[in-house]
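Asks: Encoded as structure tokens, here's the structure I'll be asking about.
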Amino acid sequence: MEKRTIKNTDLKIAPINFGGNVFGWTLDEKQSFNILDKFTGEGFNFIDTADTYSWWVNGKGGQSEEIIGKWMKSRRKRNDLVIGTKVGSETKEHGFDISRKHILKSVDESLQRLQTDHIDLYYTHFDDKTTPVEETLQAYNEVIKAGKVRYIAASNVSPERLRESFEVSEKNNLPKYVALQPHYNLMERQGFEKNYAPLAEEFGLSVFPYWSLAAGFLTGKYRTEDDLSKSQRGEGIRKYLNDRGMEVLKALDEISAKHNTKPATVALAWLLAHPLITAPIVSATSESQLETLFAAPKLQLEKVDLDLLNRASQ
């Protein structure tokens, strides 16, 4: 499979980033191992998690990293993988926190759970909006120099604080973010396209959108209010059950029928056709869902397809 290089790094990734929030939540350890085996067996190598997944289950999180760590150790695959994890999210034990103290403590805990000596991509998961960006970047500088982290990235950071981070990095010779993880999909376009795409272009950031399938709405299985009970995420999809959402599903249905594929595959291919997108983040809890993901990098949408999707999702 053709790999893509994360900008300003030597990390080469297949163009789908597996979202590990399902490990220890909707998938138990055995099921998670099976999904990871199948995912990597197809040549994919990029796995995304966070130190606090899934804190909404046990109050503090850590299950996802623990499962990935056990799997990597048992399969002896660490050197074949690019692992991204995050710091800064709230839990029932603490609020958002990207202070030096919290970063230095959290990185060691993540390394222990992942059973590895380094993290390839370490994200500011959420900005606490109070820690000076210089303090955060200095902490990252420490963990990079210690060999614990290779590169840093940003997720839920405001455009203003993101720009400030680059200015502080440049001025003080501190590490720079190499990637951005925004909320972006066919149903959620404006935030990224208006506020973050210009920054990604200006600072040469690779982009890995999360909720690439709009919490499952873009799979097409949620079309009425009665469908919302089909999964634990159902209620989060209610807001898409409107005229615009139905227009997007109609376009996905038409294009997936044309290419003999699934709506979710088309939705991911739409993201992959965007010049700024390096690898969408997406989860799967079954082999059939995995097949949908595997098909996306192989699907080359035509201009007429992209135009239809862009119009429907305006």
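Letters A, B, ... mark the chains of the structure tokens in the order given; residue numbers begin at 1 per chain; ligand numbers begin at 1, in order shown.
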I'd like the contact shell of range 184-198 of chain A - 6 Å cut-off, only C-alpha atoms, skipping same-chain residues fewer than 4 positions apart - returned as a VMD selection string.
Replies: chain A and resid 209 212 313
Asks: Write down as a short mmCIF file (atom, residue, chain, number, x, y, z; two decimals) with N, CA and C atoms, in the first residue's frame the residues belonging to range 44-282 of chain A that are assigned helix (DSSP H, G or I) by DSSP computed on the backbone.
Replies:
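Now in out-v5.cif:
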```cif
data_model
loop_
_atom_site.label_atom_id
_atom_site.label_comp_id
_atom_site.auth_asym_id
_atom_site.auth_seq_id
_atom_site.Cartn_x
_atom_site.Cartn_y
_atom_site.Cartn_z
N TRP A 55 -12.50 7.35 29.48
CA TRP A 55 -12.74 7.83 30.84
C TRP A 55 -14.22 7.85 31.19
N TRP A 56 -15.09 7.92 30.17
CA TRP A 56 -16.53 7.94 30.43
C TRP A 56 -17.04 6.59 30.91
N VAL A 57 -16.18 5.55 30.84
CA VAL A 57 -16.56 4.23 31.34
C VAL A 57 -16.12 4.05 32.79
N ASN A 58 -14.85 4.38 33.09
CA ASN A 58 -14.34 4.12 34.44
C ASN A 58 -13.92 5.38 35.20
N GLN A 63 -7.83 2.48 29.33
CA GLN A 63 -8.10 1.13 28.79
C GLN A 63 -7.58 0.97 27.37
N SER A 64 -7.77 1.99 26.54
CA SER A 64 -7.37 1.88 25.14
C SER A 64 -5.85 1.72 25.01
N GLU A 65 -5.10 2.55 25.70
CA GLU A 65 -3.64 2.43 25.64
C GLU A 65 -3.19 1.07 26.17
N GLU A 66 -3.81 0.60 27.24
CA GLU A 66 -3.43 -0.70 27.81
C GLU A 66 -3.64 -1.83 26.81
N ILE A 67 -4.78 -1.82 26.14
CA ILE A 67 -5.07 -2.86 25.16
C ILE A 67 -4.10 -2.80 23.99
N ILE A 68 -3.85 -1.60 23.47
CA ILE A 68 -2.89 -1.45 22.36
C ILE A 68 -1.50 -1.93 22.80
N GLY A 69 -1.12 -1.58 24.03
CA GLY A 69 0.19 -2.00 24.53
C GLY A 69 0.33 -3.51 24.63
N LYS A 70 -0.70 -4.17 25.16
CA LYS A 70 -0.67 -5.64 25.27
C LYS A 70 -0.62 -6.27 23.89
N TRP A 71 -1.40 -5.71 22.97
CA TRP A 71 -1.43 -6.25 21.61
C TRP A 71 -0.08 -6.09 20.93
N MET A 72 0.51 -4.89 21.02
CA MET A 72 1.82 -4.67 20.38
C MET A 72 2.88 -5.61 20.94
N LYS A 73 2.86 -5.81 22.25
CA LYS A 73 3.85 -6.69 22.87
C LYS A 73 3.66 -8.13 22.41
N SER A 74 2.41 -8.58 22.37
CA SER A 74 2.16 -9.98 21.99
C SER A 74 2.45 -10.22 20.52
N ARG A 75 2.26 -9.22 19.69
CA ARG A 75 2.47 -9.38 18.25
C ARG A 75 3.86 -8.92 17.80
N ARG A 78 5.71 -3.31 17.28
CA ARG A 78 5.90 -1.88 17.58
C ARG A 78 6.65 -1.14 16.48
N ASN A 79 7.70 -1.73 15.94
CA ASN A 79 8.53 -1.01 14.95
C ASN A 79 7.83 -0.83 13.60
N ASP A 80 6.74 -1.55 13.40
CA ASP A 80 6.00 -1.42 12.14
C ASP A 80 4.89 -0.37 12.21
N ARG A 100 3.07 21.80 32.42
CA ARG A 100 4.30 21.01 32.38
C ARG A 100 4.20 19.80 33.31
N LYS A 101 3.72 20.04 34.53
CA LYS A 101 3.62 18.96 35.51
C LYS A 101 2.74 17.83 35.00
N HIS A 102 1.60 18.17 34.42
CA HIS A 102 0.68 17.14 33.95
C HIS A 102 1.24 16.40 32.74
N ILE A 103 1.89 17.11 31.84
CA ILE A 103 2.47 16.47 30.65
C ILE A 103 3.57 15.49 31.05
N LEU A 104 4.48 15.91 31.93
CA LEU A 104 5.59 15.03 32.32
C LEU A 104 5.10 13.78 33.03
N LYS A 105 4.05 13.92 33.83
CA LYS A 105 3.46 12.77 34.52
C LYS A 105 2.72 11.88 33.52
N SER A 106 1.94 12.50 32.65
CA SER A 106 1.07 11.74 31.74
C SER A 106 1.85 10.97 30.70
N VAL A 107 2.95 11.55 30.19
CA VAL A 107 3.70 10.85 29.14
C VAL A 107 4.29 9.55 29.67
N ASP A 108 4.77 9.58 30.91
CA ASP A 108 5.32 8.35 31.48
C ASP A 108 4.23 7.30 31.69
N GLU A 109 3.06 7.74 32.10
CA GLU A 109 1.95 6.80 32.30
C GLU A 109 1.50 6.20 30.97
N SER A 110 1.48 7.02 29.92
CA SER A 110 1.10 6.50 28.60
C SER A 110 2.13 5.49 28.10
N LEU A 111 3.40 5.80 28.27
CA LEU A 111 4.45 4.88 27.84
C LEU A 111 4.33 3.54 28.56
N GLN A 112 4.01 3.60 29.84
CA GLN A 112 3.87 2.36 30.62
C GLN A 112 2.69 1.54 30.11
N ARG A 113 1.56 2.20 29.89
CA ARG A 113 0.38 1.47 29.41
C ARG A 113 0.60 0.91 28.00
N LEU A 114 1.27 1.69 27.15
CA LEU A 114 1.53 1.26 25.77
C LEU A 114 2.68 0.26 25.68
N VAL A 133 1.37 28.94 26.40
CA VAL A 133 1.80 28.00 25.36
C VAL A 133 3.29 27.70 25.49
N GLU A 134 4.06 28.64 25.97
CA GLU A 134 5.50 28.40 26.13
C GLU A 134 5.76 27.29 27.14
N GLU A 135 4.98 27.24 28.22
CA GLU A 135 5.15 26.18 29.22
C GLU A 135 4.85 24.81 28.61
N THR A 136 3.78 24.74 27.86
CA THR A 136 3.42 23.47 27.20
C THR A 136 4.50 23.03 26.24
N LEU A 137 4.97 23.95 25.41
CA LEU A 137 5.98 23.60 24.42
C LEU A 137 7.32 23.26 25.07
N GLN A 138 7.64 23.93 26.17
CA GLN A 138 8.87 23.59 26.91
C GLN A 138 8.79 22.16 27.44
N ALA A 139 7.62 21.78 27.93
CA ALA A 139 7.43 20.41 28.42
C ALA A 139 7.59 19.40 27.28
N TYR A 140 7.02 19.73 26.13
CA TYR A 140 7.20 18.85 24.98
C TYR A 140 8.67 18.77 24.59
N ASN A 141 9.37 19.88 24.68
CA ASN A 141 10.79 19.88 24.36
C ASN A 141 11.55 18.91 25.27
N GLU A 142 11.17 18.89 26.54
CA GLU A 142 11.82 17.99 27.50
C GLU A 142 11.59 16.53 27.13
N VAL A 143 10.34 16.18 26.82
CA VAL A 143 10.05 14.77 26.55
C VAL A 143 10.61 14.33 25.20
N ILE A 144 10.74 15.26 24.26
CA ILE A 144 11.37 14.93 22.97
C ILE A 144 12.86 14.70 23.18
N LYS A 145 13.50 15.58 23.92
CA LYS A 145 14.95 15.42 24.18
C LYS A 145 15.23 14.14 24.97
N PRO A 159 -7.84 28.44 16.91
CA PRO A 159 -6.95 29.00 15.89
C PRO A 159 -5.98 30.02 16.47
N GLU A 160 -6.44 30.82 17.42
CA GLU A 160 -5.59 31.86 18.02
C GLU A 160 -4.45 31.25 18.81
N ARG A 161 -4.76 30.28 19.63
CA ARG A 161 -3.71 29.62 20.43
C ARG A 161 -2.79 28.77 19.55
N LEU A 162 -3.33 28.24 18.48
CA LEU A 162 -2.50 27.46 17.56
C LEU A 162 -1.47 28.38 16.89
N ARG A 163 -1.92 29.52 16.41
CA ARG A 163 -0.99 30.48 15.79
C ARG A 163 0.05 30.95 16.82
N GLU A 164 -0.41 31.24 18.02
CA GLU A 164 0.51 31.67 19.07
C GLU A 164 1.57 30.60 19.34
N SER A 165 1.16 29.34 19.31
CA SER A 165 2.11 28.25 19.54
C SER A 165 3.23 28.26 18.50
N PHE A 166 2.87 28.49 17.24
CA PHE A 166 3.90 28.54 16.20
C PHE A 166 4.81 29.75 16.38
N GLU A 167 4.25 30.84 16.78
CA GLU A 167 5.07 32.05 17.00
C GLU A 167 6.05 31.83 18.15
N VAL A 168 5.58 31.23 19.24
CA VAL A 168 6.43 30.95 20.40
C VAL A 168 7.50 29.90 20.04
N SER A 169 7.10 28.88 19.28
CA SER A 169 8.06 27.86 18.84
C SER A 169 9.19 28.49 18.03
N GLU A 170 8.82 29.34 17.10
CA GLU A 170 9.80 29.99 16.23
C GLU A 170 10.72 30.89 17.02
N LYS A 171 10.16 31.67 17.92
CA LYS A 171 10.93 32.65 18.70
C LYS A 171 11.89 31.99 19.67
N ASN A 172 11.47 30.86 20.26
CA ASN A 172 12.25 30.23 21.33
C ASN A 172 12.91 28.92 20.93
N GLN A 190 -17.69 23.74 8.08
CA GLN A 190 -17.33 25.14 8.21
C GLN A 190 -16.18 25.40 9.18
N GLY A 191 -16.20 24.74 10.34
CA GLY A 191 -15.17 24.99 11.35
C GLY A 191 -13.77 24.78 10.81
N PHE A 192 -13.57 23.65 10.13
CA PHE A 192 -12.24 23.38 9.58
C PHE A 192 -11.94 24.26 8.38
N GLU A 193 -12.85 24.30 7.44
CA GLU A 193 -12.56 25.00 6.18
C GLU A 193 -12.34 26.50 6.38
N LYS A 194 -13.06 27.09 7.32
CA LYS A 194 -12.94 28.53 7.55
C LYS A 194 -11.79 28.87 8.51
N ASN A 195 -11.68 28.12 9.60
CA ASN A 195 -10.78 28.52 10.68
C ASN A 195 -9.44 27.79 10.71
N TYR A 196 -9.41 26.55 10.23
CA TYR A 196 -8.18 25.76 10.39
C TYR A 196 -7.45 25.43 9.09
N ALA A 197 -8.18 25.27 8.00
CA ALA A 197 -7.50 24.95 6.73
C ALA A 197 -6.44 25.99 6.37
N PRO A 198 -6.70 27.30 6.53
CA PRO A 198 -5.65 28.28 6.22
C PRO A 198 -4.41 28.11 7.10
N LEU A 199 -4.60 27.74 8.36
CA LEU A 199 -3.46 27.52 9.25
C LEU A 199 -2.70 26.25 8.86
N ALA A 200 -3.43 25.21 8.50
CA ALA A 200 -2.77 23.96 8.07
C ALA A 200 -1.91 24.22 6.85
N GLU A 201 -2.42 25.04 5.95
CA GLU A 201 -1.66 25.36 4.74
C GLU A 201 -0.45 26.23 5.08
N GLU A 202 -0.67 27.23 5.90
CA GLU A 202 0.40 28.18 6.24
C GLU A 202 1.55 27.50 6.97
N PHE A 203 1.23 26.60 7.89
CA PHE A 203 2.26 26.00 8.73
C PHE A 203 2.64 24.58 8.31
N ALA A 214 -19.07 11.31 10.98
CA ALA A 214 -20.12 12.01 11.73
C ALA A 214 -20.81 11.08 12.73
N ALA A 215 -19.98 10.43 13.56
CA ALA A 215 -20.48 9.50 14.59
C ALA A 215 -21.33 8.38 14.01
N GLY A 216 -21.07 8.05 12.74
CA GLY A 216 -21.79 6.94 12.10
C GLY A 216 -22.91 7.37 11.18
N PHE A 217 -23.29 8.65 11.21
CA PHE A 217 -24.38 9.10 10.35
C PHE A 217 -24.07 8.86 8.88
N LEU A 218 -22.82 9.06 8.48
CA LEU A 218 -22.46 8.95 7.06
C LEU A 218 -22.36 7.50 6.57
N THR A 219 -22.59 6.55 7.47
CA THR A 219 -22.69 5.15 7.02
C THR A 219 -24.04 4.91 6.35
N GLU A 225 -35.67 8.80 13.31
CA GLU A 225 -35.47 8.83 14.76
C GLU A 225 -35.48 7.43 15.35
N ASP A 226 -36.21 6.54 14.74
CA ASP A 226 -36.24 5.15 15.23
C ASP A 226 -34.89 4.47 15.10
N ASP A 227 -34.06 4.94 14.16
CA ASP A 227 -32.74 4.34 13.95
C ASP A 227 -31.74 4.72 15.04
N LEU A 228 -32.04 5.77 15.80
CA LEU A 228 -31.05 6.28 16.75
C LEU A 228 -30.72 5.28 17.85
N SER A 229 -31.59 4.33 18.09
CA SER A 229 -31.35 3.34 19.14
C SER A 229 -30.42 2.23 18.68
N LYS A 230 -29.93 2.32 17.45
CA LYS A 230 -29.09 1.24 16.91
C LYS A 230 -27.71 1.18 17.54
N GLY A 234 -26.11 6.88 19.08
CA GLY A 234 -27.28 7.30 18.33
C GLY A 234 -27.75 8.71 18.61
N GLU A 235 -27.83 9.08 19.90
CA GLU A 235 -28.37 10.39 20.24
C GLU A 235 -27.51 11.53 19.68
N GLY A 236 -26.22 11.27 19.51
CA GLY A 236 -25.35 12.30 18.96
C GLY A 236 -25.59 12.57 17.48
N ILE A 237 -26.41 11.73 16.87
CA ILE A 237 -26.67 11.83 15.43
C ILE A 237 -27.98 12.57 15.14
N ARG A 238 -28.80 12.74 16.17
CA ARG A 238 -30.12 13.35 15.99
C ARG A 238 -30.03 14.68 15.23
N LYS A 239 -29.00 15.48 15.53
CA LYS A 239 -28.88 16.81 14.91
C LYS A 239 -28.71 16.76 13.40
N TYR A 240 -28.34 15.60 12.85
CA TYR A 240 -28.14 15.49 11.41
C TYR A 240 -29.40 15.04 10.66
N ASP A 243 -33.01 18.32 6.59
CA ASP A 243 -33.01 18.33 5.12
C ASP A 243 -31.59 18.21 4.56
N ARG A 244 -30.66 18.92 5.17
CA ARG A 244 -29.27 18.86 4.68
C ARG A 244 -28.70 17.45 4.85
N GLY A 245 -28.96 16.86 6.00
CA GLY A 245 -28.48 15.50 6.23
C GLY A 245 -29.03 14.51 5.22
N MET A 246 -30.31 14.66 4.90
CA MET A 246 -30.93 13.76 3.94
C MET A 246 -30.37 13.98 2.53
N GLU A 247 -30.03 15.23 2.20
CA GLU A 247 -29.41 15.52 0.91
C GLU A 247 -28.03 14.87 0.81
N VAL A 248 -27.29 14.91 1.90
CA VAL A 248 -25.96 14.28 1.91
C VAL A 248 -26.10 12.77 1.75
N LEU A 249 -27.02 12.16 2.48
CA LEU A 249 -27.22 10.71 2.35
C LEU A 249 -27.68 10.33 0.94
N LYS A 250 -28.53 11.16 0.35
CA LYS A 250 -28.98 10.91 -1.02
C LYS A 250 -27.80 10.92 -1.98
N ALA A 251 -26.89 11.89 -1.82
CA ALA A 251 -25.70 11.97 -2.68
C ALA A 251 -24.79 10.76 -2.44
N LEU A 252 -24.62 10.37 -1.18
CA LEU A 252 -23.78 9.21 -0.87
C LEU A 252 -24.38 7.94 -1.47
N ASP A 253 -25.70 7.81 -1.38
CA ASP A 253 -26.37 6.64 -1.96
C ASP A 253 -26.13 6.58 -3.47
N GLU A 254 -26.28 7.71 -4.12
CA GLU A 254 -26.13 7.76 -5.58
C GLU A 254 -24.70 7.40 -6.00
N ILE A 255 -23.73 7.96 -5.30
CA ILE A 255 -22.33 7.74 -5.68
C ILE A 255 -21.88 6.33 -5.30
N SER A 256 -22.33 5.84 -4.17
CA SER A 256 -21.93 4.48 -3.77
C SER A 256 -22.53 3.44 -4.71
N ALA A 257 -23.75 3.68 -5.19
CA ALA A 257 -24.36 2.77 -6.17
C ALA A 257 -23.58 2.80 -7.48
N LYS A 258 -23.18 3.98 -7.88
CA LYS A 258 -22.41 4.15 -9.13
C LYS A 258 -21.09 3.39 -9.08
N HIS A 259 -20.42 3.43 -7.92
CA HIS A 259 -19.10 2.79 -7.78
C HIS A 259 -19.17 1.41 -7.13
N PRO A 263 -21.77 3.86 1.35
CA PRO A 263 -21.76 5.30 1.64
C PRO A 263 -20.57 5.73 2.51
N ALA A 264 -20.23 4.93 3.51
CA ALA A 264 -19.10 5.30 4.39
C ALA A 264 -17.79 5.35 3.61
N THR A 265 -17.62 4.45 2.68
CA THR A 265 -16.41 4.45 1.85
C THR A 265 -16.34 5.72 1.03
N VAL A 266 -17.46 6.14 0.49
CA VAL A 266 -17.52 7.37 -0.30
C VAL A 266 -17.20 8.59 0.57
N ALA A 267 -17.77 8.61 1.78
CA ALA A 267 -17.54 9.73 2.69
C ALA A 267 -16.06 9.86 3.05
N LEU A 268 -15.39 8.73 3.24
CA LEU A 268 -13.95 8.75 3.53
C LEU A 268 -13.15 9.13 2.29
N ALA A 269 -13.57 8.65 1.14
CA ALA A 269 -12.87 8.99 -0.11
C ALA A 269 -12.97 10.50 -0.38
N TRP A 270 -14.12 11.10 -0.01
CA TRP A 270 -14.28 12.55 -0.14
C TRP A 270 -13.22 13.28 0.70
N LEU A 271 -13.01 12.81 1.92
CA LEU A 271 -11.97 13.41 2.76
C LEU A 271 -10.59 13.21 2.15
N LEU A 272 -10.31 12.00 1.68
CA LEU A 272 -8.99 11.70 1.12
C LEU A 272 -8.70 12.48 -0.15
#
```
Asks: Determine the nearest neighbour of Ala296 in chain A from the options A:Lys38, A:Trp211, A:Ala273, A:Gln314, counting only C-alpha atoms.
Replies: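 Between A:Lys38, A:Trp211, A:Ala273, A:Gln314, the residue approaching Ala296 in chain A most closely is A:Ala273.
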Asks: Between A:Arg223, A:Pro297, A:Asn173, A:Gly204, which is the closest to Gly43 in chain A once you count only C-alpha atoms?
Replies: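 Comparing A:Arg223, A:Pro297, A:Asn173, A:Gly204 against Gly43 in chain A, the winner is A:Pro297.
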Asks: Record the distance separating CA of Leu121 in chain A and CA of Val178 in chain A, expressed in Å with one decimal.
Replies: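 Pair CA of Leu121 in chain A / CA of Val178 in chain A returns 8.8 Å.
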Asks: Quick check, in Å to one decimal: how far apart do CA of Val22 in chain A and CA of Val149 in chain A lie?
Replies: 23.7 Å
Asks: Mind giving me the straight-line distance from CA of Thr261 in chain A to CA of Pro15 in chain A in Å, one decimal?
Replies: 18.2 Å
